[in-house]
Amino acid sequence: MRLFLTGATGYIGSAVLDALIRAGHDVTALVRHNEKAAHVAARGAHPVVGNLGDPQSYRSAADAQDGYVHTAWDASGHGEAIDRVAIETMIAAAKQPRLSESAGPATPFVIYTSAIWVLGRAQEPAAEDAPLNPIALVSWRPAHEQLVLDAASDRLRAVVVRPGIVYGGGNGIVSDLFKSALNGLVRVVGDGNNHWPLVYIRDLADLYARLASRPDVSSVYHATDEGDERVNDIVAAISPYLRVQPDVRHVPLDEARSQMGPYADALALDQIVRSPRARALGWTPTLHSVAGNAARLLEELRASYADRGPESS
């Protein structure tokens with residue numbers, strides 16, 4: 001299939017790009033500048049230099065694609081507005097009439113990346129049909145999810161993915177914990193007894209590839225390994241693999257809010273999340289635990305230093 005991908009050099013999007021290429025798809029990737037264009041071209045995609053918030057810069061490239069996968073996030077401070085513009089642009093492109101002779105799927109699709117934090121506190125297992133109670137950081141995301149889902153018809157598949165907290169490689173929240181441990185001081189927001197719903201980056205990317213290839217799916221999909229790990233358990237699992245044991249400081253939530261704003265509430269959120277719809281597609285995570293794979297994940301983190309230089313000794 002011919003697919004249009006945003007965020008192809010980001011943490012999630014770069015893994016999704018690799019998964020889509022491995023699946024044999026022809027991927028056009030939106031990037032912000034020529035350096036990133038060279039990067040995605042080397043990985044097998046067709047780069048288009050443009051600005052996510054300026055549809056004119058990529059509209060022609062987005063036209064007549066078989067599917068649209070939106071993983072990008074603009075951190076400029078206008079992310080919410082830019083995200084909506086991108087969604088509307090891709091939905092409009094997906095709804096354009098196709099030639100009957102097209103070799104692509106009968107029904108174009110849009111896959112939108114949301115966040116598991118739209119569920120809010122979830123101390124009982126929450127599946128895709130659980131009510132939403134988003135924390136402030138993602139209070140706008142349910143409306144964007146609905147914008148995508150409302151576009152679904154017999155001529156358009158609409159899919160929303162809610163990834164858990166992603167781990168693996170050298171980026172993301174879990175990698176930040178590992179980096180802090182390597183540097184000797186780990187700050188945990190709250191008492192650390194809260195559960196984080198987690199997913200390994202390559203497993204998450206595999207789910208996107210499955211969703212792209214299934215002509216019968218159009219709904220919300222959670223992506224979690226269902227390991228139900230507590231933050232304290234993750235931190236404790238890192239220590240045996242370090243030369244020097246890190247100090248662990250539990251930061252009261254109010255103090256963390258004063259330093260980090262609403263992001264602190266995300267780190268302190270207690271969530272137990274299930275992914276029955278993804279499992280029904282045959283999606284089975286290869287990793288089910290951060291704590292159980294701490295040594296492997298530390299090696300992945302250290303390997304990532306080769307490209308950008310070590311951040312700790």
# chains A, B, ... in the order shown; residues from 1 in each chain; ligands from 1
call {"tool": "residues_around", "arguments": {"residues": "range 21-24 of chain A", "least_positions_apart": "6", "cutoff": "8 Å", "atoms": "only C-alpha atoms", "output": "ChimeraX atom specification"}}
result
/A:1,44-45,209
call {"tool": "select_by_dssp", "arguments": {"residues": "range 46-116 of chain A", "states": "strand (DSSP E)", "output": "PyMOL selection string"}}
result
chain A and resi 46-49+67-70+109-113
call {"tool": "write_last_selection", "arguments": {"atoms": "N, CA and C atoms", "output": "PDB file, in the first residue's frame"}}
result
ATOM      1  N   HIS A  46      10.007   7.708   1.233  1.00  0.00           N
ATOM      2  CA  HIS A  46      10.085   8.862   0.341  1.00  0.00           C
ATOM      3  C   HIS A  46       9.823  10.118   1.186  1.00  0.00           C
ATOM      4  N   PRO A  47      10.847  10.922   1.445  1.00  0.00           N
ATOM      5  CA  PRO A  47      10.643  12.081   2.301  1.00  0.00           C
ATOM      6  C   PRO A  47       9.962  13.244   1.594  1.00  0.00           C
ATOM      7  N   VAL A  48       9.159  13.965   2.354  1.00  0.00           N
ATOM      8  CA  VAL A  48       8.556  15.211   1.907  1.00  0.00           C
ATOM      9  C   VAL A  48       8.838  16.245   2.985  1.00  0.00           C
ATOM     10  N   VAL A  49       9.541  17.302   2.623  1.00  0.00           N
ATOM     11  CA  VAL A  49       9.861  18.349   3.592  1.00  0.00           C
ATOM     12  C   VAL A  49       8.675  19.298   3.692  1.00  0.00           C
ATOM     13  N   GLY A  67      -3.419   5.051   2.799  1.00  0.00           N
ATOM     14  CA  GLY A  67      -3.620   5.164   4.240  1.00  0.00           C
ATOM     15  C   GLY A  67      -2.776   6.281   4.823  1.00  0.00           C
ATOM     16  N   TYR A  68      -3.181   6.739   6.008  1.00  0.00           N
ATOM     17  CA  TYR A  68      -2.537   7.870   6.671  1.00  0.00           C
ATOM     18  C   TYR A  68      -2.270   7.483   8.120  1.00  0.00           C
ATOM     19  N   VAL A  69      -1.030   7.596   8.546  1.00  0.00           N
ATOM     20  CA  VAL A  69      -0.636   7.210   9.898  1.00  0.00           C
ATOM     21  C   VAL A  69      -0.027   8.440  10.568  1.00  0.00           C
ATOM     22  N   HIS A  70      -0.698   8.927  11.596  1.00  0.00           N
ATOM     23  CA  HIS A  70      -0.308  10.178  12.243  1.00  0.00           C
ATOM     24  C   HIS A  70       0.294   9.876  13.611  1.00  0.00           C
ATOM     25  N   PHE A 109      -7.689   4.579   4.976  1.00  0.00           N
ATOM     26  CA  PHE A 109      -7.784   4.641   6.431  1.00  0.00           C
ATOM     27  C   PHE A 109      -6.926   5.763   6.994  1.00  0.00           C
ATOM     28  N   VAL A 110      -7.300   6.165   8.202  1.00  0.00           N
ATOM     29  CA  VAL A 110      -6.508   7.106   8.993  1.00  0.00           C
ATOM     30  C   VAL A 110      -6.259   6.459  10.346  1.00  0.00           C
ATOM     31  N   ILE A 111      -4.998   6.419  10.766  1.00  0.00           N
ATOM     32  CA  ILE A 111      -4.636   5.927  12.092  1.00  0.00           C
ATOM     33  C   ILE A 111      -4.095   7.105  12.891  1.00  0.00           C
ATOM     34  N   TYR A 112      -4.741   7.382  13.991  1.00  0.00           N
ATOM     35  CA  TYR A 112      -4.381   8.526  14.839  1.00  0.00           C
ATOM     36  C   TYR A 112      -3.765   8.039  16.151  1.00  0.00           C
ATOM     37  N   THR A 113      -2.690   8.681  16.562  1.00  0.00           N
ATOM     38  CA  THR A 113      -2.012   8.326  17.814  1.00  0.00           C
ATOM     39  C   THR A 113      -2.479   9.234  18.939  1.00  0.00           C
TER      40      THR A 113
END
call {"tool": "residues_around", "arguments": {"residues": "range 245-255 of chain A", "least_positions_apart": "6", "cutoff": "9 Å", "atoms": "only C-alpha atoms", "output": "NGL selection string"}}
result
:A and (180-192 or 235 or 239 or 264-265 or 268)
call {"tool": "residues_around", "arguments": {"residues": "Arg43 in chain A", "least_positions_apart": "4", "cutoff": "10 Å", "atoms": "only C-alpha atoms", "output": "list in words"}}
result
Ser14, Leu17, Asp18, Ile21, Ala38 and His39 of chain A
call {"tool": "closest_residue", "arguments": {"among": "A:Pro197, A:Pro55, A:Gly77, A:Gly120", "to": "Met90 in chain A", "atoms": "only C-alpha atoms"}}
result
A:Pro55
call {"tool": "select_by_dssp", "arguments": {"residues": "range 104-310 of chain A", "states": "alpha helix (DSSP H)", "output": "ChimeraX atom specification"}}
result
/A:141-150,172-182,201-213,231-238,253-260,263-268,276-280,294-308
call {"tool": "write_last_selection", "arguments": {"atoms": "C-alpha atoms", "output": "CSV table (one decimal), in the first residue's frame"}}
result
chain,number,residue,atom,x,y,z
A,141,ARG,CA,-7.2,14.6,23.0
A,142,PRO,CA,-10.6,13.0,23.4
A,143,ALA,CA,-12.1,15.6,21.0
A,144,HIS,CA,-9.4,14.8,18.5
A,145,GLU,CA,-10.0,11.0,18.9
A,146,GLN,CA,-13.7,11.7,18.2
A,147,LEU,CA,-12.9,13.8,15.2
A,148,VAL,CA,-11.1,10.8,13.7
A,149,LEU,CA,-13.8,8.3,14.7
A,150,ASP,CA,-16.6,10.4,13.4
A,172,GLY,CA,10.9,8.0,26.3
A,173,ILE,CA,9.9,8.1,29.9
A,174,VAL,CA,11.3,4.8,30.9
A,175,SER,CA,14.6,5.5,29.3
A,176,ASP,CA,14.7,8.7,31.3
A,177,LEU,CA,14.5,6.6,34.4
A,178,PHE,CA,17.3,4.5,33.2
A,179,LYS,CA,19.5,7.5,32.4
A,180,SER,CA,18.8,9.0,35.8
A,181,ALA,CA,19.8,5.7,37.4
A,182,LEU,CA,23.1,5.7,35.4
A,201,ILE,CA,8.5,0.2,21.1
A,202,ARG,CA,8.9,-2.6,18.6
A,203,ASP,CA,5.8,-4.3,19.7
A,204,LEU,CA,3.9,-1.0,19.4
A,205,ALA,CA,5.2,-0.5,15.9
A,206,ASP,CA,4.0,-4.0,15.0
A,207,LEU,CA,0.5,-3.1,16.1
A,208,TYR,CA,0.4,-0.1,13.7
A,209,ALA,CA,1.5,-2.4,10.8
A,210,ARG,CA,-1.3,-4.9,11.7
A,211,LEU,CA,-3.9,-2.1,11.8
A,212,ALA,CA,-2.8,-0.8,8.5
A,213,SER,CA,-3.1,-4.2,6.8
A,231,VAL,CA,7.3,2.5,39.2
A,232,ASN,CA,9.1,1.4,42.3
A,233,ASP,CA,9.5,-2.1,40.8
A,234,ILE,CA,11.0,-0.7,37.6
A,235,VAL,CA,13.5,1.4,39.6
A,236,ALA,CA,14.5,-1.5,41.8
A,237,ALA,CA,15.1,-3.7,38.8
A,238,ILE,CA,17.7,-1.4,37.3
A,253,LEU,CA,3.2,15.5,43.8
A,254,ASP,CA,2.7,19.1,44.7
A,255,GLU,CA,6.4,19.8,44.6
A,256,ALA,CA,6.7,18.0,41.3
A,257,ARG,CA,3.8,20.1,39.9
A,258,SER,CA,5.6,23.3,40.8
A,259,GLN,CA,8.6,22.1,38.8
A,260,MET,CA,7.1,20.2,36.0
A,263,TYR,CA,3.3,16.5,33.3
A,264,ALA,CA,3.8,15.5,37.0
A,265,ASP,CA,0.3,14.2,37.1
A,266,ALA,CA,1.0,12.0,34.2
A,267,LEU,CA,4.0,10.4,35.9
A,268,ALA,CA,2.0,9.9,39.1
A,276,PRO,CA,-8.4,-6.8,24.2
A,277,ARG,CA,-9.1,-5.4,20.7
A,278,ALA,CA,-5.4,-5.5,19.8
A,279,ARG,CA,-5.1,-9.0,21.2
A,280,ALA,CA,-8.0,-10.1,19.0
A,294,ALA,CA,16.2,-4.3,32.6
A,295,ALA,CA,19.6,-5.7,31.5
A,296,ARG,CA,18.5,-5.8,27.8
A,297,LEU,CA,17.0,-2.3,28.0
A,298,LEU,CA,20.1,-0.9,29.6
A,299,GLU,CA,22.1,-2.3,26.6
A,300,GLU,CA,19.6,-0.7,24.2
A,301,LEU,CA,20.1,2.6,25.9
A,302,ARG,CA,23.9,2.4,25.8
A,303,ALA,CA,23.8,1.4,22.2
A,304,SER,CA,21.8,4.5,21.4
A,305,TYR,CA,24.7,6.6,22.7
A,306,ALA,CA,26.7,5.6,19.7
A,307,ASP,CA,24.8,8.1,17.5
A,308,ARG,CA,24.6,11.0,20.0
call {"tool": "atom_distance", "arguments": {"atom1": "CA of Asp83 in chain A", "atom2": "CA of Ser139 in chain A"}}
result
13.5 Å
call {"tool": "closest_residue", "arguments": {"among": "A:Ala122, A:Ile82, A:Ala94, A:Val138", "to": "Ile272 in chain A", "atoms": "only C-alpha atoms"}}
result
A:Ala122
call {"tool": "atom_distance", "arguments": {"atom1": "CA of Thr107 in chain A", "atom2": "CA of Leu156 in chain A"}}
result
5.4 Å
call {"tool": "atom_distance", "arguments": {"atom1": "CA of Ile12 in chain A", "atom2": "CA of Ala72 in chain A"}}
result
8.4 Å
call {"tool": "decode", "arguments": {"residues": "range 104-130 of chain A", "atoms": "N, CA and C atoms", "output": "mmCIF file, in the first residue's frame"}}
result
data_model
loop_
_atom_site.group_PDB
_atom_site.id
_atom_site.type_symbol
_atom_site.label_atom_id
_atom_site.label_comp_id
_atom_site.auth_asym_id
_atom_site.auth_seq_id
_atom_site.Cartn_x
_atom_site.Cartn_y
_atom_site.Cartn_z
ATOM 1 N N GLY A 104 -4.576 -0.268 -4.426
ATOM 2 C CA GLY A 104 -4.617 -0.128 -2.980
ATOM 3 C C GLY A 104 -5.876 -0.725 -2.388
ATOM 4 N N PRO A 105 -6.057 -0.567 -1.079
ATOM 5 C CA PRO A 105 -7.218 -1.145 -0.420
ATOM 6 C C PRO A 105 -8.504 -0.479 -0.875
ATOM 7 N N ALA A 106 -9.601 -1.198 -0.783
ATOM 8 C CA ALA A 106 -10.892 -0.656 -1.186
ATOM 9 C C ALA A 106 -11.296 0.511 -0.299
ATOM 10 N N THR A 107 -10.856 0.488 0.960
ATOM 11 C CA THR A 107 -11.224 1.522 1.919
ATOM 12 C C THR A 107 -9.975 2.187 2.486
ATOM 13 N N PRO A 108 -9.719 3.453 2.145
ATOM 14 C CA PRO A 108 -8.596 4.161 2.751
ATOM 15 C C PRO A 108 -8.778 4.267 4.266
ATOM 16 N N PHE A 109 -7.689 4.579 4.976
ATOM 17 C CA PHE A 109 -7.784 4.641 6.431
ATOM 18 C C PHE A 109 -6.926 5.763 6.994
ATOM 19 N N VAL A 110 -7.300 6.165 8.202
ATOM 20 C CA VAL A 110 -6.508 7.106 8.993
ATOM 21 C C VAL A 110 -6.259 6.459 10.346
ATOM 22 N N ILE A 111 -4.998 6.419 10.766
ATOM 23 C CA ILE A 111 -4.636 5.927 12.092
ATOM 24 C C ILE A 111 -4.095 7.105 12.891
ATOM 25 N N TYR A 112 -4.741 7.382 13.991
ATOM 26 C CA TYR A 112 -4.381 8.526 14.839
ATOM 27 C C TYR A 112 -3.765 8.039 16.151
ATOM 28 N N THR A 113 -2.690 8.681 16.562
ATOM 29 C CA THR A 113 -2.012 8.326 17.814
ATOM 30 C C THR A 113 -2.479 9.234 18.939
ATOM 31 N N SER A 114 -3.143 8.647 19.919
ATOM 32 C CA SER A 114 -3.588 9.393 21.092
ATOM 33 C C SER A 114 -2.670 9.040 22.266
ATOM 34 N N ALA A 115 -3.212 8.976 23.475
ATOM 35 C CA ALA A 115 -2.401 8.683 24.656
ATOM 36 C C ALA A 115 -3.243 7.932 25.674
ATOM 37 N N ILE A 116 -2.637 7.010 26.369
ATOM 38 C CA ILE A 116 -3.344 6.213 27.367
ATOM 39 C C ILE A 116 -3.820 7.077 28.529
ATOM 40 N N TRP A 117 -3.222 8.252 28.696
ATOM 41 C CA TRP A 117 -3.587 9.137 29.807
ATOM 42 C C TRP A 117 -4.990 9.721 29.668
ATOM 43 N N VAL A 118 -5.643 9.557 28.504
ATOM 44 C CA VAL A 118 -7.023 10.034 28.377
ATOM 45 C C VAL A 118 -7.965 9.240 29.290
ATOM 46 N N LEU A 119 -7.526 8.067 29.754
ATOM 47 C CA LEU A 119 -8.356 7.270 30.655
ATOM 48 C C LEU A 119 -8.366 7.822 32.078
ATOM 49 N N GLY A 120 -7.335 8.597 32.425
ATOM 50 C CA GLY A 120 -7.226 9.057 33.794
ATOM 51 C C GLY A 120 -6.882 7.914 34.733
ATOM 52 N N ARG A 121 -7.173 8.100 35.991
ATOM 53 C CA ARG A 121 -6.897 7.073 36.993
ATOM 54 C C ARG A 121 -7.718 5.817 36.692
ATOM 55 N N ALA A 122 -7.059 4.672 36.659
ATOM 56 C CA ALA A 122 -7.745 3.419 36.315
ATOM 57 C C ALA A 122 -7.160 2.309 37.182
ATOM 58 N N GLN A 123 -7.704 2.145 38.367
ATOM 59 C CA GLN A 123 -7.188 1.130 39.286
ATOM 60 C C GLN A 123 -7.794 -0.244 39.025
ATOM 61 N N GLU A 124 -8.877 -0.287 38.259
ATOM 62 C CA GLU A 124 -9.431 -1.544 37.777
ATOM 63 C C GLU A 124 -9.093 -1.654 36.290
ATOM 64 N N PRO A 125 -8.876 -2.858 35.780
ATOM 65 C CA PRO A 125 -8.479 -3.003 34.375
ATOM 66 C C PRO A 125 -9.411 -2.259 33.422
ATOM 67 N N ALA A 126 -8.831 -1.394 32.601
ATOM 68 C CA ALA A 126 -9.598 -0.562 31.677
ATOM 69 C C ALA A 126 -9.321 -0.994 30.245
ATOM 70 N N ALA A 127 -10.364 -1.396 29.538
ATOM 71 C CA ALA A 127 -10.250 -1.765 28.124
ATOM 72 C C ALA A 127 -10.603 -0.559 27.260
ATOM 73 N N GLU A 128 -10.698 -0.797 25.963
ATOM 74 C CA GLU A 128 -10.918 0.313 25.033
ATOM 75 C C GLU A 128 -12.269 0.989 25.193
ATOM 76 N N ASP A 129 -13.224 0.309 25.809
ATOM 77 C CA ASP A 129 -14.547 0.901 25.989
ATOM 78 C C ASP A 129 -14.711 1.586 27.342
ATOM 79 N N ALA A 130 -13.628 1.730 28.089
ATOM 80 C CA ALA A 130 -13.700 2.384 29.397
ATOM 81 C C ALA A 130 -14.020 3.866 29.231
#
